>>> print(open('coords19.txt').read())   # compact mmCIF, C-alpha atoms
# COMPACT_ATOMS: atom_id res chain seq x y z
CA MET G 1253 17.41 -8.38 -17.96
CA LEU G 1254 16.04 -9.01 -14.49
CA LEU G 1255 12.32 -9.76 -14.24
CA ARG G 1256 9.98 -10.21 -11.32
CA VAL G 1257 7.26 -12.81 -11.97
CA ARG G 1258 4.36 -13.05 -9.52
CA VAL G 1259 2.15 -16.11 -9.61
CA THR G 1260 -0.72 -17.47 -7.57
CA LEU G 1261 -0.56 -21.25 -7.40
CA PRO G 1262 -2.05 -24.18 -5.51
CA ASP G 1263 -0.39 -24.63 -2.13
CA ARG G 1264 0.33 -28.33 -2.60
CA PRO G 1265 3.45 -30.46 -3.06
CA GLY G 1266 4.88 -30.22 -6.55
CA ALA G 1267 3.14 -27.00 -7.61
CA LEU G 1268 6.17 -24.80 -6.94
CA GLY G 1269 8.38 -27.27 -8.78
CA GLN G 1270 6.10 -27.15 -11.82
CA VAL G 1271 6.36 -23.38 -11.97
CA ALA G 1272 10.14 -23.49 -11.54
CA ARG G 1273 10.54 -26.08 -14.29
CA THR G 1274 8.33 -24.07 -16.65
CA LEU G 1275 10.40 -20.96 -16.01
CA GLY G 1276 13.56 -22.89 -16.74
CA VAL G 1277 12.23 -24.44 -19.96
CA ALA G 1278 11.18 -20.97 -21.16
CA GLY G 1279 14.75 -19.74 -20.67
CA ALA G 1280 14.51 -17.99 -17.29
CA ASP G 1281 17.30 -18.39 -14.73
CA ILE G 1282 15.76 -18.22 -11.25
CA VAL G 1283 17.81 -16.20 -8.76
CA GLN G 1284 15.28 -15.75 -5.93
CA VAL G 1285 11.89 -17.03 -4.78
CA VAL G 1286 9.86 -15.18 -2.13
CA VAL G 1287 6.60 -16.52 -0.68
CA LEU G 1288 4.28 -13.57 -0.11
CA GLU G 1289 1.22 -15.45 1.10
CA ARG G 1290 -0.10 -18.91 1.92
CA LEU G 1291 -3.82 -18.94 2.62
CA GLY G 1292 -6.82 -21.11 1.85
CA GLY G 1293 -4.91 -23.65 -0.16
CA ARG G 1294 -3.32 -21.01 -2.39
CA ALA G 1295 0.09 -19.35 -2.35
CA VAL G 1296 1.42 -16.15 -3.88
CA ASP G 1297 5.09 -16.32 -4.89
CA ASP G 1298 7.49 -13.83 -6.40
CA PHE G 1299 10.19 -15.23 -8.68
CA THR G 1300 13.13 -13.02 -9.62
CA VAL G 1301 14.64 -14.34 -12.84
CA VAL G 1302 17.32 -13.43 -15.34
CA TRP G 1303 15.58 -13.30 -18.71
CA PRO G 1304 17.29 -13.22 -22.14
CA GLY G 1305 16.56 -9.75 -23.46
CA ALA G 1306 15.96 -10.95 -27.01
CA SER G 1307 13.36 -13.54 -25.99
CA ARG G 1308 9.66 -12.79 -26.01
CA VAL G 1309 7.94 -12.97 -22.64
CA ASP G 1310 4.82 -14.34 -24.36
CA ARG G 1311 6.38 -17.79 -24.32
CA LEU G 1312 6.95 -17.55 -20.59
CA LEU G 1313 3.38 -16.41 -19.93
CA ALA G 1314 1.92 -19.14 -22.13
CA GLY G 1315 3.92 -21.82 -20.33
CA LEU G 1316 2.78 -20.65 -16.90
CA ALA G 1317 -0.85 -20.32 -18.02
CA ALA G 1318 -0.78 -23.95 -19.13
CA ILE G 1319 -0.12 -25.19 -15.57
CA PRO G 1320 -3.44 -26.18 -13.91
CA GLY G 1321 -4.40 -23.79 -11.12
CA VAL G 1322 -1.62 -21.26 -11.81
CA GLN G 1323 -2.42 -17.59 -12.36
CA VAL G 1324 0.13 -14.97 -13.43
CA ASP G 1325 -0.44 -11.80 -11.40
CA GLY G 1326 2.29 -9.72 -13.00
CA VAL G 1327 5.59 -9.66 -14.85
CA TRP G 1328 7.76 -6.56 -14.65
CA LYS G 1329 11.34 -5.38 -14.81
CA ALA G 1330 13.27 -5.36 -11.56
CA ILE G 1331 16.03 -2.82 -10.98
CA GLY G 1332 19.22 -4.18 -9.45
CA ALA G 1333 19.85 -7.46 -7.67
CA PRO G 1334 17.12 -9.10 -5.58
CA VAL G 1335 17.12 -8.03 -1.94
CA HIS G 1336 15.87 -9.54 1.31
CA GLY G 1337 14.56 -8.27 4.63
CA GLY G 1338 18.03 -7.67 6.02
CA HIS G 1339 18.41 -4.74 3.66
CA ASP G 1340 15.65 -2.90 5.55
CA ALA G 1341 17.83 -2.70 8.65
CA GLU G 1342 20.78 -1.55 6.55
CA LEU G 1343 18.67 1.20 5.02
CA LEU G 1344 17.46 2.43 8.41
CA ALA G 1345 21.05 2.43 9.64
CA GLN G 1346 21.97 4.69 6.71
CA VAL G 1347 19.06 6.99 7.56
CA ALA G 1348 20.22 7.17 11.18
CA ALA G 1349 23.86 7.75 10.20
CA ASN G 1350 23.01 10.79 8.09
CA PRO G 1351 19.65 12.16 9.26
CA ALA G 1352 20.09 15.42 7.36
CA ASP G 1353 19.62 13.44 4.14
CA GLY G 1354 17.54 10.71 5.74
CA LEU G 1355 14.31 11.35 3.86
CA ALA G 1356 16.09 11.38 0.49
CA THR G 1357 17.99 8.21 1.41
CA LEU G 1358 14.74 6.42 2.20
CA VAL G 1359 12.96 7.58 -0.96
CA ASP G 1360 15.88 6.64 -3.21
CA ALA G 1361 16.28 3.16 -1.70
CA VAL G 1362 12.67 1.95 -1.45
CA PRO G 1363 12.13 1.26 -5.19
CA GLY G 1364 15.04 -1.17 -5.22
CA LEU G 1365 13.77 -2.96 -2.13
CA LEU G 1366 10.26 -3.42 -3.55
CA ALA G 1367 11.05 -3.93 -7.25
CA ALA G 1368 9.23 -0.68 -7.96
CA ASP G 1369 9.86 2.01 -10.57
CA TRP G 1370 10.00 5.08 -8.37
CA ALA G 1371 9.06 6.60 -5.04
CA ALA G 1372 8.28 10.08 -3.77
CA ALA G 1373 7.74 11.85 -0.47
CA ALA G 1374 4.81 14.24 -0.67
CA VAL G 1375 2.76 16.52 1.55
CA VAL G 1376 -1.01 16.34 1.63
CA SER G 1377 -3.02 19.47 2.34
CA PRO G 1378 -3.74 19.74 6.10
CA ASP G 1379 -7.47 20.25 5.43
CA TRP G 1380 -7.86 17.08 3.33
CA ALA G 1381 -10.26 15.52 5.85
CA SER G 1382 -12.63 18.49 5.89
CA ARG G 1383 -12.56 18.75 2.11
CA SER G 1384 -13.39 15.09 1.73
CA GLY G 1385 -16.20 15.34 4.26
CA SER G 1386 -17.76 18.37 2.60
CA GLY G 1387 -17.56 16.97 -0.90
CA GLY G 1388 -14.79 19.37 -1.89
CA VAL G 1389 -11.97 18.47 -4.23
CA ALA G 1390 -8.70 17.72 -2.48
CA SER G 1391 -5.59 19.32 -3.94
CA GLU G 1392 -2.84 17.22 -5.50
CA PRO G 1393 -0.11 16.17 -3.04
CA ARG G 1394 2.97 18.38 -3.24
CA VAL G 1395 6.21 16.56 -3.99
CA VAL G 1396 8.98 17.05 -1.42
CA TYR G 1397 11.49 14.64 -2.94
CA ALA G 1398 11.33 12.04 -5.71
CA SER G 1399 13.65 9.19 -6.65
CA TRP G 1400 15.70 9.41 -9.83
CA ARG G 1401 13.38 7.34 -12.05
CA ALA G 1402 10.25 9.32 -11.18
CA PRO G 1403 8.51 11.09 -14.09
CA SER G 1404 9.22 14.79 -14.52
CA PRO G 1405 7.02 16.68 -13.98
CA LEU G 1406 5.53 14.32 -11.42
CA HIS G 1407 1.76 14.40 -10.93
CA LEU G 1408 0.73 12.30 -7.98
CA PRO G 1409 -2.68 10.64 -7.59
CA GLU G 1410 -5.08 11.35 -4.74
CA VAL G 1411 -3.59 9.53 -1.73
CA THR G 1412 -6.12 10.30 1.00
CA PRO G 1413 -7.26 8.88 3.35
CA LEU G 1414 -3.88 8.88 5.06
CA ARG G 1415 -3.35 5.20 5.81
CA ALA G 1416 -1.04 2.52 4.50
CA ARG G 1417 -2.72 0.91 1.51
CA PRO G 1418 -2.29 -0.20 -2.10
CA PHE G 1419 -4.34 1.25 -4.94
CA ALA G 1420 -4.23 1.64 -8.70
CA GLU G 1421 -5.33 4.13 -11.31
CA PRO G 1422 -7.64 2.66 -13.97
CA GLY G 1423 -5.36 1.50 -16.76
CA GLY G 1424 -2.40 3.15 -15.05
CA ALA G 1425 0.23 2.68 -12.38
CA ARG G 1426 0.02 0.57 -9.25
CA TYR G 1427 0.73 2.44 -6.02
CA ALA G 1428 1.42 1.86 -2.35
CA VAL G 1429 1.22 4.74 0.10
CA ALA G 1430 2.19 5.03 3.76
CA PRO G 1431 1.97 8.11 6.04
CA PHE G 1432 4.82 9.29 8.24
CA GLY G 1433 2.36 10.56 10.84
CA ARG G 1434 3.73 14.10 10.65
CA GLY G 1435 2.01 17.01 8.96
CA GLY G 1436 0.49 15.07 6.09
CA LEU G 1437 3.84 13.71 4.87
CA VAL G 1438 3.44 10.45 2.96
CA LEU G 1439 5.61 8.03 0.99
CA VAL G 1440 4.25 7.01 -2.41
CA VAL G 1441 5.76 4.02 -4.25
CA ALA G 1442 4.82 3.14 -7.84
CA ARG G 1443 5.04 0.37 -10.40
CA THR G 1444 4.18 0.99 -14.04
CA ASP G 1445 3.71 -1.23 -17.08
CA GLU G 1446 6.64 -1.21 -19.48
CA ASP G 1447 7.23 -2.93 -22.83
CA ASP G 1448 3.81 -4.61 -22.55
CA LEU G 1449 4.82 -6.21 -19.24
CA PRO G 1450 1.92 -5.99 -16.76
CA ALA G 1451 3.30 -4.98 -13.35
CA ALA G 1452 1.70 -6.57 -10.30
CA ALA G 1453 -0.21 -4.60 -7.70
CA PHE G 1454 1.47 -4.17 -4.32
CA HIS G 1455 0.75 -7.14 -2.09
CA ILE G 1456 -0.40 -6.48 1.46
CA THR G 1457 2.91 -7.84 2.78
CA GLU G 1458 4.73 -5.27 0.64
CA VAL G 1459 2.49 -2.49 1.94
CA ASP G 1460 3.19 -3.61 5.51
CA ARG G 1461 6.92 -3.57 4.78
CA ILE G 1462 6.73 -0.03 3.41
CA ALA G 1463 4.68 1.09 6.41
CA GLN G 1464 7.22 -0.39 8.84
CA LEU G 1465 10.09 1.38 7.06
CA VAL G 1466 8.20 4.67 7.13
CA ARG G 1467 7.30 4.36 10.82
CA ALA G 1468 10.89 3.51 11.76
CA ALA G 1469 12.26 6.38 9.66
CA ALA G 1470 9.79 8.75 11.30
CA VAL G 1471 11.08 7.75 14.74
CA ILE G 1472 14.69 8.17 13.63
CA LEU G 1473 14.22 11.52 11.89
CA GLY G 1474 11.71 12.99 14.35
CA ASP G 1475 11.43 16.77 14.06
CA ARG G 1476 13.61 16.80 10.94
CA LEU G 1477 10.50 15.75 9.01
CA GLU G 1478 8.79 19.00 9.98
CA ALA G 1479 11.17 21.05 7.77
CA PRO G 1480 10.04 19.65 4.40
CA VAL G 1481 6.42 19.89 5.50
CA ALA G 1482 6.87 23.55 6.48
CA ASP G 1483 8.75 24.32 3.27
CA HIS G 1484 5.81 23.01 1.21
CA ALA G 1485 3.02 24.50 3.27
CA VAL G 1486 0.20 26.16 1.37
>>> encode(input="coords19.txt", output="structure tokens")
Amino acid sequence: MLLRVRVTLPDRPGALGQVARTLGVAGADIVQVVVLERLGGRAVDDFTVVWPGASRVDRLLAGLAAIPGVQVDGVWKAIGAPVHGGHDAELLAQVAANPADGLATLVDAVPGLLAADWAAAAVVSPDWASRSGSGGVASEPRVVYASWRAPSPLHLPEVTPLRARPFAEPGGARYAVAPFGRGGLVLVVARTDEDDLPAAAFHITEVDRIAQLVRAAAVILGDRLEAPVADHAV
């Protein structure tokens, strides 16, 4: 199976090689390495590896934990082959080529790009700001379209305020949300723990990537985004 392994490690010569060797000794075949962050002498790297399904991940985690200065931020299943930034342009080209299904195309593709479990487009109540300011309880976002691996029925968490950000439910899924800037329409992307594998939270670079995709799709689709919002109006 394909796993994504996120580690924080010292940003010094040899540290990346130590992690790579440990992954190899544990039985993982590295197919991609992505540097998410380098700051203050530390780096955050995502390794995509092919992992023998019959092997226990505990051995992998123990090996990484034994490396001085290395912290495992998450290990989770990745769906499909690893992808790179060039796929974002391809996705937006698909959205532009068939704008009638553009929103569904975006929602279906984003989980694969971000090694996430599912995504959904949802509409937030137009009076969310006044409810929040008055201490009222905001209503649950209404699902417009969800990707094929989304739970059914799908109950979304509170996603206001409407800004691109990561968040997590206590003991639950990790989310990233980004607004389209039209009528309370937002994109919600989720990772969940599975088979005792702790999924990583969305990194700020991943949130920025989602936000850029959403902004570009909003420009491409324009007024077409008003239809799903109107269809799900209160």
>>> closest_residue(input="coords19.txt", among="G:Ala1425, G:Val1309, G:Leu1261, G:Ala1420", to="G:Leu1288", atoms="all atoms listed in the file")
G:Leu1261
>>> atom_distance(input="coords19.txt", atom1="atom CA of G:Val1375", atom2="atom CA of G:Ala1345")
24.5 Å
>>> residues_around(input="coords19.txt", residues="G:Glu1421", least_positions_apart="6", cutoff="10 Å", atoms="only C-alpha atoms", output="number ranges by chain")
G: 1409-1410, 1427
>>> residues_around(input="coords19.txt", residues="G:Leu1473", least_positions_apart="3", cutoff="12 Å", atoms="only C-alpha atoms", output="PyMOL selection string")
chain G and resi 1344-1358+1432-1434+1465-1470+1476-1480
>>> atom_distance(input="coords19.txt", atom1="atom CA of G:Gly1474", atom2="atom CA of G:Leu1365")
23.0 Å
>>> closest_residue(input="coords19.txt", among="G:Ala1318, G:Val1301, G:Val1440, G:Ala1341", to="G:Pro1418", atoms="only C-alpha atoms")
G:Val1440
>>> closest_residue(input="coords19.txt", among="G:Ala1272, G:Val1277, G:Ala1295, G:Ala1330", to="G:Pro1363", atoms="all atoms listed in the file")
G:Ala1330
>>> residues_around(input="coords19.txt", residues="G:Pro1403", least_positions_apart="5", cutoff="10 Å", atoms="only C-alpha atoms", output="list in words")
Asp1369, Trp1370, Ala1398 and Leu1408 of chain G
>>> atom_distance(input="coords19.txt", atom1="atom CA of G:Val1411", atom2="atom CA of G:Val1327")
25.0 Å
>>> residues_around(input="coords19.txt", residues="G:Gly1424", least_positions_apart="2", cutoff="12 Å", atoms="only C-alpha atoms", output="list of chain:residue names")
G:Leu1408, G:Pro1409, G:Phe1419, G:Ala1420, G:Glu1421, G:Pro1422, G:Arg1426, G:Tyr1427, G:Ala1442, G:Arg1443, G:Thr1444, G:Asp1445, G:Glu1446, G:Pro1450, G:Ala1451, G:Ala1452, G:Ala1453
>>> write_last_selection(input="coords19.txt", atoms="C-alpha atoms", output="PDB file, in the frame of the given file")
ATOM      1  CA  LEU G1408       0.730  12.300  -7.980  1.00  0.00           C
ATOM      2  CA  PRO G1409      -2.680  10.640  -7.590  1.00  0.00           C
ATOM      3  CA  PHE G1419      -4.340   1.250  -4.940  1.00  0.00           C
ATOM      4  CA  ALA G1420      -4.230   1.640  -8.700  1.00  0.00           C
ATOM      5  CA  GLU G1421      -5.330   4.130 -11.310  1.00  0.00           C
ATOM      6  CA  PRO G1422      -7.640   2.660 -13.970  1.00  0.00           C
ATOM      7  CA  ARG G1426       0.020   0.570  -9.250  1.00  0.00           C
ATOM      8  CA  TYR G1427       0.730   2.440  -6.020  1.00  0.00           C
ATOM      9  CA  ALA G1442       4.820   3.140  -7.840  1.00  0.00           C
ATOM     10  CA  ARG G1443       5.040   0.370 -10.400  1.00  0.00           C
ATOM     11  CA  THR G1444       4.180   0.990 -14.040  1.00  0.00           C
ATOM     12  CA  ASP G1445       3.710  -1.230 -17.080  1.00  0.00           C
ATOM     13  CA  GLU G1446       6.640  -1.210 -19.480  1.00  0.00           C
ATOM     14  CA  PRO G1450       1.920  -5.990 -16.760  1.00  0.00           C
ATOM     15  CA  ALA G1451       3.300  -4.980 -13.350  1.00  0.00           C
ATOM     16  CA  ALA G1452       1.700  -6.570 -10.300  1.00  0.00           C
ATOM     17  CA  ALA G1453      -0.210  -4.600  -7.700  1.00  0.00           C
TER      18      ALA G1453
END
>>> closest_residue(input="coords19.txt", among="G:Gly1305, G:Gly1364, G:Gly1435, G:Gly1326", to="G:Arg1258", atoms="only C-alpha atoms")
G:Gly1326
>>> closest_residue(input="coords19.txt", among="G:Lys1329, G:Arg1273, G:Arg1401, G:His1407", to="G:Asp1447", atoms="only C-alpha atoms")
G:Lys1329
>>> closest_residue(input="coords19.txt", among="G:Leu1313, G:Val1438, G:Ile1456, G:Ile1472", to="G:Ala1280", atoms="only C-alpha atoms")
G:Leu1313
